[in-house]
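These notes concern the structure reproduced below.
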Amino acid sequence: MKRQFFILSALFMVVLTSCAKKVNVTIDGTVSPTQKTLYLIINEDTANAKLLPIEDAKFSVTVKVDANDIIRLHDWKEWPERSVFVLIPDSKHITINTWDGTIQGSPMSQKMREAIDRVRKTGPNGFHIDVFSDNEEEWARAREQERRIRAQMEDEQRNVVLETIKENGDNAIASWIAYCYADIFPGGLDEIARGQQPKWRNHPIFQGK
């Protein structure tokens, strides 16, 4: 009887713990007057992305999520690595402004934004060297120089990704950065994890990845 009581008590505590993780958060903000589409995507579950209504360049939505969930607001369901507004529900009310890129009411979401900017700026992105000549040798030299510089930028970006993940190993920022930038590592997520099972790897965003 005591054993059954203990098991029931343990299960009850598990239920309470799981329920305690759920939070209600209202997200609102201002978008461009020309913007007609805005998706809310939780943990990159694009199949269940929610299309938010926009009226007079304003939107507002209240969702119930896990406190560790990652919420992406974006014009498209695809290309998460291009998203600017990636939110962590650490408060009951978060406000964004796509005009000036600000996030209010959520320190962790602002920290996420800074981490994304830091990693993105170090990458080659659309880097190239223009050549205003018909000389084939000049083109060859320019392409080789471009290749070397891009390789250096790629190495720098990989280092920044690893540093950012290490600095945020106990929160969802590390999970998002690893999710978006695994492809720039030859070994993908396994190379980032370096043979370990870090906390960020257990995030729901990696289900099926």
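Here's how to read the names in the structure tokens: chain A, B, ... by the order shown, residue numbers from 1 in each chain, ligand numbers from 1 in the order shown.
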With a distance cut-off of 10 Å and only C-alpha atoms, select the neighbouring residues of Leu189 (chain A), excluding the residue or stretch itself and same-chain residues fewer than 4 positions from it, and output the selection as a PyMOL selection string.
-> chain A and resi 178-179+181-185+193-195+201+206+209
Residue contacts of region 60-64 of chain A (7 Å, only C-alpha atoms) excluding same-chain residues fewer than 2 positions away, as JSON, numbers by chain | {"A": [22, 23, 24, 25, 26, 27, 28, 29]}
Export of the given selection (all heavy atoms) as a PDB file, in the first residue's frame:
ATOM      1  N   LYS A  22       4.065  25.141 -18.333  1.00  0.00           N
ATOM      2  CA  LYS A  22       3.231  25.813 -19.303  1.00  0.00           C
ATOM      3  C   LYS A  22       3.008  27.279 -18.924  1.00  0.00           C
ATOM      4  O   LYS A  22       2.768  27.594 -17.771  1.00  0.00           O
ATOM      5  CB  LYS A  22       1.881  25.111 -19.437  1.00  0.00           C
ATOM      6  CG  LYS A  22       1.965  23.719 -20.039  1.00  0.00           C
ATOM      7  CD  LYS A  22       2.442  23.767 -21.475  1.00  0.00           C
ATOM      8  CE  LYS A  22       2.499  22.370 -22.103  1.00  0.00           C
ATOM      9  NZ  LYS A  22       2.993  22.406 -23.489  1.00  0.00           N
ATOM     10  N   VAL A  23       3.106  28.156 -19.920  1.00  0.00           N
ATOM     11  CA  VAL A  23       2.911  29.584 -19.677  1.00  0.00           C
ATOM     12  C   VAL A  23       2.028  30.174 -20.769  1.00  0.00           C
ATOM     13  O   VAL A  23       2.035  29.713 -21.915  1.00  0.00           O
ATOM     14  CB  VAL A  23       4.255  30.346 -19.635  1.00  0.00           C
ATOM     15  CG1 VAL A  23       5.098  29.887 -18.455  1.00  0.00           C
ATOM     16  CG2 VAL A  23       5.022  30.162 -20.942  1.00  0.00           C
ATOM     17  N   ASN A  24       1.267  31.181 -20.408  1.00  0.00           N
ATOM     18  CA  ASN A  24       0.503  31.953 -21.380  1.00  0.00           C
ATOM     19  C   ASN A  24       1.277  33.223 -21.700  1.00  0.00           C
ATOM     20  O   ASN A  24       1.685  33.942 -20.787  1.00  0.00           O
ATOM     21  CB  ASN A  24      -0.875  32.322 -20.815  1.00  0.00           C
ATOM     22  CG  ASN A  24      -1.811  31.134 -20.774  1.00  0.00           C
ATOM     23  OD1 ASN A  24      -1.983  30.435 -21.771  1.00  0.00           O
ATOM     24  ND2 ASN A  24      -2.404  30.883 -19.627  1.00  0.00           N
ATOM     25  N   VAL A  25       1.484  33.466 -22.965  1.00  0.00           N
ATOM     26  CA  VAL A  25       2.214  34.662 -23.363  1.00  0.00           C
ATOM     27  C   VAL A  25       1.465  35.378 -24.482  1.00  0.00           C
ATOM     28  O   VAL A  25       0.987  34.744 -25.427  1.00  0.00           O
ATOM     29  CB  VAL A  25       3.651  34.315 -23.807  1.00  0.00           C
ATOM     30  CG1 VAL A  25       3.664  33.286 -24.925  1.00  0.00           C
ATOM     31  CG2 VAL A  25       4.401  35.566 -24.244  1.00  0.00           C
ATOM     32  N   THR A  26       1.335  36.678 -24.338  1.00  0.00           N
ATOM     33  CA  THR A  26       0.738  37.507 -25.390  1.00  0.00           C
ATOM     34  C   THR A  26       1.868  38.161 -26.176  1.00  0.00           C
ATOM     35  O   THR A  26       2.746  38.798 -25.601  1.00  0.00           O
ATOM     36  CB  THR A  26      -0.170  38.590 -24.786  1.00  0.00           C
ATOM     37  OG1 THR A  26      -1.270  37.968 -24.111  1.00  0.00           O
ATOM     38  CG2 THR A  26      -0.714  39.501 -25.886  1.00  0.00           C
ATOM     39  N   ILE A  27       1.819  37.966 -27.484  1.00  0.00           N
ATOM     40  CA  ILE A  27       2.830  38.554 -28.368  1.00  0.00           C
ATOM     41  C   ILE A  27       2.113  39.509 -29.305  1.00  0.00           C
ATOM     42  O   ILE A  27       1.153  39.127 -29.984  1.00  0.00           O
ATOM     43  CB  ILE A  27       3.553  37.466 -29.182  1.00  0.00           C
ATOM     44  CG1 ILE A  27       4.163  36.415 -28.251  1.00  0.00           C
ATOM     45  CG2 ILE A  27       4.630  38.082 -30.064  1.00  0.00           C
ATOM     46  CD1 ILE A  27       4.688  35.189 -28.971  1.00  0.00           C
ATOM     47  N   ASP A  28       2.549  40.750 -29.316  1.00  0.00           N
ATOM     48  CA  ASP A  28       1.949  41.723 -30.234  1.00  0.00           C
ATOM     49  C   ASP A  28       3.042  42.593 -30.824  1.00  0.00           C
ATOM     50  O   ASP A  28       4.220  42.479 -30.461  1.00  0.00           O
ATOM     51  CB  ASP A  28       0.883  42.570 -29.527  1.00  0.00           C
ATOM     52  CG  ASP A  28       1.426  43.303 -28.308  1.00  0.00           C
ATOM     53  OD1 ASP A  28       2.653  43.525 -28.226  1.00  0.00           O
ATOM     54  OD2 ASP A  28       0.628  43.645 -27.422  1.00  0.00           O
ATOM     55  N   GLY A  29       2.640  43.436 -31.758  1.00  0.00           N
ATOM     56  CA  GLY A  29       3.649  44.291 -32.348  1.00  0.00           C
ATOM     57  C   GLY A  29       3.202  45.005 -33.603  1.00  0.00           C
ATOM     58  O   GLY A  29       2.033  44.953 -34.002  1.00  0.00           O
TER      59      GLY A  29
END
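Ranking A:Ala140, A:Cys180, A:Met153, A:Ile71 by their shortest atom-to-atom distance to Pro89 (chain A), with only C-alpha atoms included, puts A:Ile71 first.
CA of Tyr39 (chain A) is found 6.8 Å from CA of Lys77 (chain A).
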Could you name the residues that touch region 156-162 of chain A at 12 Å or less, counting only C-alpha atoms, but leaving out those on the same chain fewer than 2 positions away, as a PyMOL selection string?
-> chain A and resi 115-125+149-154+164-169+173-189+191-194
Expected answer as a compact mmCIF listing (two decimals) with N, CA, C and O atoms, in the first residue's frame: helix (DSSP H, G or I) residues in region 61-153 of chain A:
# COMPACT_ATOMS: atom_id res chain seq x y z
N PRO A 80 14.43 29.22 -41.38
CA PRO A 80 14.52 29.71 -40.00
C PRO A 80 15.79 30.50 -39.74
O PRO A 80 15.80 31.42 -38.91
N GLU A 81 16.87 30.15 -40.45
CA GLU A 81 18.15 30.84 -40.21
C GLU A 81 18.10 32.31 -40.65
O GLU A 81 18.96 33.10 -40.27
N ARG A 82 17.07 32.68 -41.42
CA ARG A 82 16.94 34.07 -41.85
C ARG A 82 16.04 34.88 -40.92
O ARG A 82 15.90 36.10 -41.10
N PRO A 107 13.80 39.72 -21.87
CA PRO A 107 15.26 39.76 -21.87
C PRO A 107 15.89 38.59 -22.62
O PRO A 107 16.88 38.77 -23.34
N MET A 108 15.32 37.40 -22.48
CA MET A 108 15.91 36.24 -23.15
C MET A 108 15.73 36.32 -24.67
O MET A 108 16.61 35.90 -25.42
N SER A 109 14.60 36.85 -25.11
CA SER A 109 14.38 37.01 -26.55
C SER A 109 15.36 38.04 -27.12
O SER A 109 15.86 37.88 -28.24
N GLN A 110 15.63 39.09 -26.38
CA GLN A 110 16.61 40.08 -26.81
C GLN A 110 18.00 39.46 -26.86
O GLN A 110 18.78 39.72 -27.78
N LYS A 111 18.31 38.63 -25.88
CA LYS A 111 19.60 37.93 -25.88
C LYS A 111 19.69 36.98 -27.07
O LYS A 111 20.76 36.85 -27.69
N MET A 112 18.58 36.33 -27.41
CA MET A 112 18.53 35.48 -28.59
C MET A 112 18.82 36.30 -29.84
O MET A 112 19.60 35.89 -30.71
N ARG A 113 18.20 37.46 -29.94
CA ARG A 113 18.40 38.34 -31.09
C ARG A 113 19.87 38.71 -31.24
O ARG A 113 20.42 38.70 -32.34
N GLU A 114 20.51 39.05 -30.15
CA GLU A 114 21.92 39.43 -30.18
C GLU A 114 22.80 38.25 -30.60
O GLU A 114 23.77 38.43 -31.35
N ALA A 115 22.46 37.06 -30.13
CA ALA A 115 23.23 35.86 -30.51
C ALA A 115 23.08 35.58 -32.00
O ALA A 115 24.06 35.25 -32.68
N ILE A 116 21.86 35.70 -32.51
CA ILE A 116 21.62 35.48 -33.94
C ILE A 116 22.41 36.49 -34.77
O ILE A 116 23.06 36.13 -35.76
N ASP A 117 22.37 37.76 -34.39
CA ASP A 117 23.09 38.80 -35.12
C ASP A 117 24.59 38.54 -35.11
O ASP A 117 25.27 38.70 -36.12
N ARG A 118 25.09 38.12 -33.96
CA ARG A 118 26.53 37.87 -33.82
C ARG A 118 26.98 36.76 -34.77
O ARG A 118 28.00 36.89 -35.45
N VAL A 119 26.24 35.66 -34.80
CA VAL A 119 26.61 34.54 -35.66
C VAL A 119 26.45 34.91 -37.13
O VAL A 119 27.31 34.61 -37.97
N ARG A 120 25.35 35.56 -37.45
CA ARG A 120 25.06 35.89 -38.85
C ARG A 120 26.11 36.82 -39.45
O ARG A 120 26.52 36.66 -40.61
N LYS A 121 26.56 37.78 -38.68
CA LYS A 121 27.50 38.79 -39.19
C LYS A 121 28.88 38.21 -39.51
O LYS A 121 29.62 38.78 -40.31
N THR A 122 29.23 37.09 -38.87
CA THR A 122 30.56 36.52 -39.11
C THR A 122 30.61 35.64 -40.34
O THR A 122 31.70 35.30 -40.81
N GLU A 136 41.32 37.06 -68.11
CA GLU A 136 41.05 35.78 -67.45
C GLU A 136 41.93 35.56 -66.22
O GLU A 136 41.49 34.96 -65.24
N GLU A 137 43.17 36.05 -66.28
CA GLU A 137 44.06 35.88 -65.13
C GLU A 137 43.55 36.69 -63.92
O GLU A 137 43.63 36.23 -62.78
N GLU A 138 43.06 37.88 -64.18
CA GLU A 138 42.52 38.70 -63.09
C GLU A 138 41.28 38.04 -62.49
O GLU A 138 41.08 38.05 -61.27
N TRP A 139 40.46 37.44 -63.34
CA TRP A 139 39.28 36.72 -62.84
C TRP A 139 39.71 35.53 -61.97
O TRP A 139 39.14 35.30 -60.90
N ALA A 140 40.72 34.80 -62.43
CA ALA A 140 41.18 33.63 -61.68
C ALA A 140 41.75 34.04 -60.33
O ALA A 140 41.49 33.39 -59.30
N ARG A 141 42.55 35.14 -60.31
CA ARG A 141 43.11 35.61 -59.05
C ARG A 141 42.01 36.07 -58.09
O ARG A 141 42.05 35.80 -56.88
N ALA A 142 41.01 36.76 -58.63
CA ALA A 142 39.90 37.25 -57.81
C ALA A 142 39.10 36.10 -57.22
O ALA A 142 38.72 36.11 -56.05
N ARG A 143 38.85 35.07 -58.04
CA ARG A 143 38.08 33.94 -57.55
C ARG A 143 38.84 33.17 -56.47
O ARG A 143 38.25 32.69 -55.50
N GLU A 144 40.16 33.05 -56.62
CA GLU A 144 40.97 32.38 -55.62
C GLU A 144 41.00 33.19 -54.31
O GLU A 144 40.89 32.63 -53.22
N GLN A 145 41.13 34.50 -54.45
CA GLN A 145 41.10 35.36 -53.26
C GLN A 145 39.74 35.29 -52.57
O GLN A 145 39.65 35.22 -51.34
N GLU A 146 38.69 35.26 -53.38
CA GLU A 146 37.34 35.14 -52.84
C GLU A 146 37.18 33.82 -52.09
O GLU A 146 36.60 33.78 -51.00
N ARG A 147 37.71 32.75 -52.66
CA ARG A 147 37.61 31.44 -52.03
C ARG A 147 38.32 31.43 -50.67
O ARG A 147 37.79 30.91 -49.68
N ARG A 148 39.52 32.02 -50.62
CA ARG A 148 40.28 32.05 -49.37
C ARG A 148 39.57 32.86 -48.29
O ARG A 148 39.47 32.44 -47.14
N ILE A 149 39.05 34.01 -48.69
CA ILE A 149 38.38 34.87 -47.72
C ILE A 149 37.10 34.21 -47.22
O ILE A 149 36.80 34.24 -46.02
N ARG A 150 36.35 33.58 -48.13
CA ARG A 150 35.13 32.91 -47.70
C ARG A 150 35.45 31.76 -46.74
O ARG A 150 34.73 31.54 -45.76
N ALA A 151 36.53 31.04 -47.01
CA ALA A 151 36.93 29.94 -46.13
C ALA A 151 37.27 30.47 -44.73
O ALA A 151 36.93 29.86 -43.71
N GLN A 152 37.96 31.61 -44.69
CA GLN A 152 38.30 32.21 -43.40
C GLN A 152 37.04 32.65 -42.65
O GLN A 152 36.94 32.46 -41.43
N MET A 153 36.10 33.24 -43.39
CA MET A 153 34.85 33.68 -42.77
C MET A 153 34.04 32.49 -42.27
O MET A 153 33.42 32.54 -41.20
